[in-house]
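S.K.: This is the structure I want to talk about, given as structure tokens.
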Amino acid sequence: MKISILLISSVILFSACSSAEKEVAQSPEVASAGGQENVQDDESQKDVVKVAASSKDHTTLVAALKQAELVTSLSNAGPFTVFAPTNAAFDKLDKATLDALMTDAKKADLQNILQYHVTVSSIKAEYFQDGQNLGMVNGDNVKISIKNGKVMLNNSATIIASIPASNGIIHVIDQVLLPPNPSK
Amino acid sequence: MKSNINPIPLFLLLAALTVQSCKPKNAGNLISADAATKTYVAPGQYDEFYNLVSGGFSGQMSVYGLPSGRLFRVIPVFSVDPEKGYGYSEETKPMLNTSHGFIPWDDLHHTELSQTNGEVDGRWIFGNANNTPRVARIDLTSFKTSEIIELPNSAGNHSSPFITENTEYVVAGTRFSVPPDNSNGDVPINTFKKNFKGYISFISVKKENGEMDLAFQIECPGVNFDLSHAGKGKSHGWFFFSCYNTEQANTLLEVNASQRDKDFIMAVNWKKAEEYIKAGKAKRIPAKYAHNKYNEKTHTATSEMKTEVLVLDSKALKEICYFIPCPKSPHGCDVDPTGEFIVGSGKLAALIPVFSFDKMMKAIANKQFDGDFEGIPVIKYEAALYGEVKKPGLGPLHTEFDGNGNAYTTFFVSSEVVKWNIKDLKVVDRVPTYYSVGHLCIPGGDSKKPNAKYLIAYNKITKDRYLPTGPELAQSAQLYDISGEKMQMILDFPTIGEPHYAQAISADLLKNKQIKFYKIEENANKYVTKGEGEARVVRDGNVVHVYMTSIRSHFAPDNIEGIKLGDEVYIHVTNLEQDWDVPHGFAIKGARNAELLIMPGETQTMKWIPERIGIFPMYCTDFCSALHQEMQGYIRVSPKNSPVPISFSLGTNKPLAKK
């Protein structure tokens with residue numbers, strides 16, 4: 001009620017001051033959704049999302065990132081280390097479970113799993129050390145081990161390739177990492 | 001929910017406020033109700049124009065958006081800028097070199113955009129140094145100062161950096177006449193008339209890359225050159241300079257330079273000057289002046305000292321210069337879009353004379369002269385005069401044009417902008433400024449093709465206009481909508497330093513050609529580090545070079561030992577990012593220097609002379625990422641004779657295992 005009185009009064013106030021000027025009512029532009037993923041920039045090095053999106057081996061991951069609404073965060077300044085399971089890695093999961101994760105009802109679970117694949121810092125493979133713990137974005141840890149010169153995560157997934165990106169690095173892995181409590 | 005406030009008294013209260021709010025101070029009803037919608041640029045939306053404004057005694061140039069008045073960037077030009085490392089990094093120090101050595105400050109008064117066929121082309125903008133005479137060129141793809149050239153035989157480069165219609169030349173007329181550099185300057189000051197000369201400089205600009213060269217100078221009688229503008233269209237080939245102190249006073253100019261009823265506008269036929277040069281009539285005179293260039297591939301400036309200049313004698317070489325009498329110490333000297341009308345604004349005059357180029361040419365052909373001034377013919381006032389704007393206001397200073405037959409002149413003394421019709425010389429409209437306007441700017445307003453939607457007045461005094469901040473207050477810019485018959489003030493905003501002249505250009509001409517970052521593979525800096533694998537520390541006697549990289553979110557190396565007292569350390573930081581808007585900064589505790597601010601793909605160098613033994617932290621100063629606070633490192637400084645060897649690392653310098 002107070003507000004509407006003020007609004008009416010301010011209209012009066014304006015019209016009282018303007019003698020000949022026409023009142024232009026302009027509705028403010030509706031802010032566009034999303035963040036840096038919408039920036040038009042074909043020149044810069046690709047960010048982790050764009051790198052993943054340009055890989056035909058990561059279509060499942062990219063679809064999941066979109067479903068989990070993580071594209072904006074991962075397009076920002078970072079730095080990120082993203083462990084990126086291949087399509088083949090996702091195919092090792094139970095199909096029904098995977099399909100369920102892609103539904104809105106299970107969005108929180110999907111976010112939990114995907115955030116378990118991202119750590120805030122840009123770590124090249126050679127900087128990993130045996131026994132290191134990585135604090136992942138979802139709040140849980142991933143354990144690093146080095147076996148025969150290969151970097152392994154939680155003793156299950158192996159880094160099979162690394163791709164630098166503008167805001168971090170992507171390490172391609174051959175297994176999906178499951179957090180300690182997959183459903184939240 | 002029901003309000004317990006009685007709406008009627010509230011309304012009355014607001015109505016009372018309304019009456020008051022119609023007369024706030026003395027701006028009042030000049031602001032139209034739709035001012036807010038005319039200047040509102042919604043978040044995320046772009047402004048329509050870039051406004052490139054001189055920073056006066058800040059020595060810099062600032063970039064605002066119009067109509068919002070939002071400040072986007074301050075371009076360091078003639079003054080050091082610790083925020084950007086300009087004048088502090090080894091790469092940028094040579095930009096501020098002069099024949100007097102390194103100078104950290106100057107006073108930038110006027111900006112002028114490059115033109116093609118008399119229209120702004122968005123390639124470069126020029127600025128003048130008013131104290132130690134120089135002209136700078138700023139590249140409009142990087143918004144960085146690319147080049148600075150010093151001017152010999154000059155002092156107080158005020159009537160500058162105005163350009164010809166294809167940017168063939170940038171001019172620079174000396175404000176102070178002085179004894180020429182190559183003569184004995186150790187003379188009594190009161191021998192002005194005998195020993196002091198006024199030089200005007202023509203700086204050529206290379207079409208392909210903008211590179212400047214001091215093509216020639218014209219030695220003129222000792223007066224004060226104030227402002228200038230080139231002819232255009234039919235008057236292309238001529239340049240017009242306002243002159244005051246034709247009394248040739250050397251003290252208390254406040255009175256002594258106002259003795260004559262008329263001073264001059266000097267018309268210079270620069271095509272004639274070119275003919276004389278071709279005919280070998282110019283003399284090569286020894287001179288010393290710096291020419292500084294910034295190379296975008298090496299990210300490094302170089303300074304070259306030049307030793308000669310071509311000089312033409314305006315007295316001996318006829319038909320280059322003519323004087324046109326102009327009332328009362330003319331300041332602004334402005335040429336309308338057709339090139340026919342030259343407007344002289346006598347600071348102390350009660351009228352504005354408008355000269356006709358055609359009449360001037362006829363007067364020269366018919367030798368309608370009133371004798372000469374120190375060997376330069378003086379054209380009869382009436383013979384060159386088109387007409388006078390009578391009683392336009394007090395203290396006319398500068399005029400810009402809208403391309404629709406109107407001129408807009410600022411009046412310092414009466415603090416207003418006056419719109420008048422060029423043909424009939426009648427005043428059409430006037431609006432006050434708050435307070436004491438100097439220059440004004442209309443986008444393209446001194447070109448052949450103005451884009452006259454807005455007019456911006458640059459005010460010297462603000463007093464009660466903004467929240468006060470102690471004795472030193474902001475200067476201001478005031479934006480007027482001039483799309484209609486009447487001028488309407490729609491915004492004012494404070495500015496950096498003191499704004500003098502400014503230019504504005506449609507955003508479409510600049511916004512799509514901006515450099516986003518420098519390609520690392522094209523970085524040709526002598527000390528570039530093109531990857532963390534190349535990061536290293538190299539000792540050469542007591543000189544230590546650190547080849548360092550920065551990328552989100554670490555430096556490589558970030559632990560350095562083996563630096564000793566007595567060392568001269570050069571830290572060359574290459575920003576490896578290849579991403580838009582990700583600069584990194586760099587600073588070391590105790591370094592008597594500014595930070596470095598390194599654009600993506602660029603290399604910049606900090607010189608550091610350690611003065612204490614101990615551990616010196618270094619860190620990234622520009623918030624770059626979520627782990628910006630982790631982007632840090634340490635440098636160990638040991639005594640002069642310490643045996644600690646040079647070592648450097650990233651991620652491996654771990655505590656020794658316990659035995």
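Each chain in the structure tokens gets a letter, A, B, ..., in the order shown, and its residues are numbered from 1; ligands are numbered from 1 in order too.
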Using only C-alpha atoms, determine which residues lie at most 10 Å from A:Asp41, disregarding the query and same-chain residues fewer than 4 positions distant; provide the list as a PyMOL selection string.
M.R.: (chain A and resi 36-37+45-46) or (chain B and resi 516+579-580)
S.K.: Contacts of A:Ile146 at 10 Å or less, counting only C-alpha atoms, minus same-chain residues fewer than 3 places along, as number ranges by chain?
M.R.: A: 128-132, 149-153, 155, 158
S.K.: Could you pull the residues within 8 Å of stretch 166-177 of chain B, counting only C-alpha atoms, minus those fewer than 6 positions along the same chain, as a VMD selection string?
M.R.: chain B and resid 114 to 118 135 154 to 160 196 to 207 222 to 227 241
S.K.: Report the distance between atom CA of B:Thr37 and atom CA of B:Val63 in Å, rounded to one decimal place.
M.R.: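 Separating atom CA of B:Thr37 from atom CA of B:Val63 is a distance of 22.0 Å.
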S.K.: Within 9 Å of stretch 69-82 of chain B, counting only C-alpha atoms, which residues qualify if same-chain residues fewer than 5 places away don't, as a PyMOL selection string?
M.R.: chain B and resi 39+47+51+55+58-64+87-88+93+95-96+103-108+127-129+134+136-138+143-145+148+477+479+491-496+593-596
S.K.: Check the DSSP output for the backbone and give back, as an MDAnalysis selection string, the residues of stretch 205-258 of chain B in alpha helix (DSSP H).
M.R.: chainID B and resid 253:256
S.K.: Ranking B:Glu611, B:Glu577, B:Glu534, B:Glu208 by minimum distance to chain A and counting only C-alpha atoms, which one comes first?
M.R.: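 Ranked by minimum distance to chain A, first place goes to B:Glu577.
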S.K.: When DSSP is applied to the backbone of this structure, which of stretch 79-181 of chain A are assigned strand (DSSP E)? Write them out as JSON, numbers by chain.
M.R.: {"A": [80, 81, 82, 83, 84, 85, 118, 119, 120, 133, 134, 135, 141, 142, 143, 144, 145, 146, 147, 150, 151, 152, 153, 157, 158, 159, 160, 161, 162, 163, 164, 165, 168, 169, 170, 171, 172, 173]}
S.K.: Measuring between only C-alpha atoms, which one of B:Glu219, B:Glu319, B:Glu165, B:Glu630 shows the shortest distance to chain A?
M.R.: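 Selected residue with least distance to chain A: B:Glu630.
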S.K.: Find the residues near A:Thr60: any atom within 8 Å, counting only C-alpha atoms, skip ones fewer than 3 places away on the same chain, and give them as a VMD selection string.
M.R.: chain A and resid 63 to 64 86 to 87 90
S.K.: Taking into account only C-alpha atoms, which residue in the set B:Leu576, B:Val120, B:Ile482, B:Val543 is nearest to B:Ala556?
M.R.: B:Leu576
S.K.: Neighbours of A:Gln111 within 12 Å (only C-alpha atoms; same-chain residues fewer than 2 positions away dropped), as a compact mmCIF listing (two decimals) with N, CA and C atoms, in the first residue's frame?
M.R.:
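This is the output file result_36.txt:
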```txt
# COMPACT_ATOMS: atom_id res chain seq x y z
N LEU A 61 28.60 -36.35 -21.29
CA LEU A 61 29.03 -35.41 -20.24
C LEU A 61 28.44 -34.02 -20.48
N ALA A 64 24.88 -33.84 -19.74
CA ALA A 64 24.67 -33.89 -18.29
C ALA A 64 25.00 -32.54 -17.65
N LEU A 65 26.06 -31.88 -18.14
CA LEU A 65 26.42 -30.56 -17.59
C LEU A 65 25.30 -29.56 -17.81
N LYS A 66 24.67 -29.66 -18.98
CA LYS A 66 23.55 -28.75 -19.27
C LYS A 66 22.38 -29.06 -18.35
N GLN A 67 22.06 -30.38 -18.24
CA GLN A 67 20.94 -30.78 -17.39
C GLN A 67 21.19 -30.35 -15.94
N ALA A 68 22.43 -30.40 -15.50
CA ALA A 68 22.76 -30.07 -14.11
C ALA A 68 22.98 -28.58 -13.92
N GLU A 69 22.81 -27.77 -14.99
CA GLU A 69 22.96 -26.32 -14.93
C GLU A 69 24.35 -25.88 -14.44
N LEU A 70 25.35 -26.57 -14.94
CA LEU A 70 26.72 -26.24 -14.53
C LEU A 70 27.49 -25.48 -15.60
N VAL A 71 26.82 -25.22 -16.74
CA VAL A 71 27.52 -24.59 -17.86
C VAL A 71 28.00 -23.17 -17.50
N LEU A 101 19.03 -40.20 -13.84
CA LEU A 101 19.80 -39.02 -13.43
C LEU A 101 19.55 -37.83 -14.33
N MET A 102 19.17 -38.13 -15.57
CA MET A 102 18.93 -37.03 -16.52
C MET A 102 17.54 -36.43 -16.39
N THR A 103 16.77 -36.89 -15.42
CA THR A 103 15.43 -36.30 -15.22
C THR A 103 15.52 -35.19 -14.17
N ASP A 104 14.57 -34.28 -14.25
CA ASP A 104 14.57 -33.15 -13.32
C ASP A 104 14.46 -33.61 -11.86
N ALA A 105 13.76 -34.72 -11.65
CA ALA A 105 13.58 -35.21 -10.28
C ALA A 105 14.91 -35.57 -9.64
N LYS A 106 15.86 -35.96 -10.46
CA LYS A 106 17.15 -36.42 -9.93
C LYS A 106 18.26 -35.39 -10.17
N LYS A 107 17.88 -34.16 -10.41
CA LYS A 107 18.86 -33.14 -10.77
C LYS A 107 19.92 -32.96 -9.67
N ALA A 108 19.48 -33.00 -8.42
CA ALA A 108 20.43 -32.81 -7.31
C ALA A 108 21.48 -33.92 -7.31
N ASP A 109 21.04 -35.14 -7.59
CA ASP A 109 21.99 -36.26 -7.63
C ASP A 109 22.98 -36.09 -8.78
N ILE A 113 27.08 -35.69 -8.54
CA ILE A 113 28.04 -36.53 -9.26
C ILE A 113 28.96 -35.68 -10.14
N LEU A 114 28.37 -34.76 -10.88
CA LEU A 114 29.22 -33.95 -11.79
C LEU A 114 30.16 -33.04 -11.02
N GLN A 115 29.68 -32.48 -9.92
CA GLN A 115 30.56 -31.60 -9.12
C GLN A 115 31.69 -32.40 -8.48
N TYR A 116 31.51 -33.71 -8.39
CA TYR A 116 32.58 -34.57 -7.88
C TYR A 116 33.68 -34.76 -8.95
N HIS A 117 33.43 -34.25 -10.14
CA HIS A 117 34.42 -34.34 -11.23
C HIS A 117 35.18 -33.04 -11.45
N VAL A 118 34.91 -32.05 -10.60
CA VAL A 118 35.53 -30.73 -10.81
C VAL A 118 36.21 -30.27 -9.53
N VAL A 137 34.35 -30.01 -5.96
CA VAL A 137 33.35 -28.95 -5.79
C VAL A 137 32.16 -29.41 -4.95
N ASN A 138 31.81 -30.69 -4.98
CA ASN A 138 30.64 -31.16 -4.22
C ASN A 138 30.94 -31.31 -2.74
N GLY A 139 32.22 -31.13 -2.34
CA GLY A 139 32.57 -31.21 -0.93
C GLY A 139 33.29 -32.49 -0.55
N LEU A 178 32.28 -41.97 -8.71
CA LEU A 178 31.06 -41.93 -7.92
C LEU A 178 31.38 -41.39 -6.53
N PRO A 179 30.69 -40.33 -6.13
CA PRO A 179 30.96 -39.76 -4.80
C PRO A 179 30.55 -40.75 -3.71
N PRO A 182 26.22 -41.22 -3.52
CA PRO A 182 25.76 -40.82 -4.86
C PRO A 182 24.38 -40.18 -4.85
N SER A 183 23.47 -40.61 -3.99
CA SER A 183 22.19 -39.90 -3.98
C SER A 183 22.07 -39.08 -2.71
N LYS A 184 21.66 -37.84 -2.93
CA LYS A 184 21.63 -36.90 -1.80
C LYS A 184 20.22 -36.78 -1.25
```
S.K.: Give me the residues within 9 Å of A:Ile169 as a list in words, counting only C-alpha atoms and dropping any in the same chain fewer than 4 places off.
M.R.: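 Using only C-alpha atoms, the neighbours found are Asp47, Val48, Pro79, Phe80, Thr81, Val82, Phe83, Ser121, Ser122, Ile123, Lys124, Ser162, Ile163, Pro164 and Ala165 of chain A.
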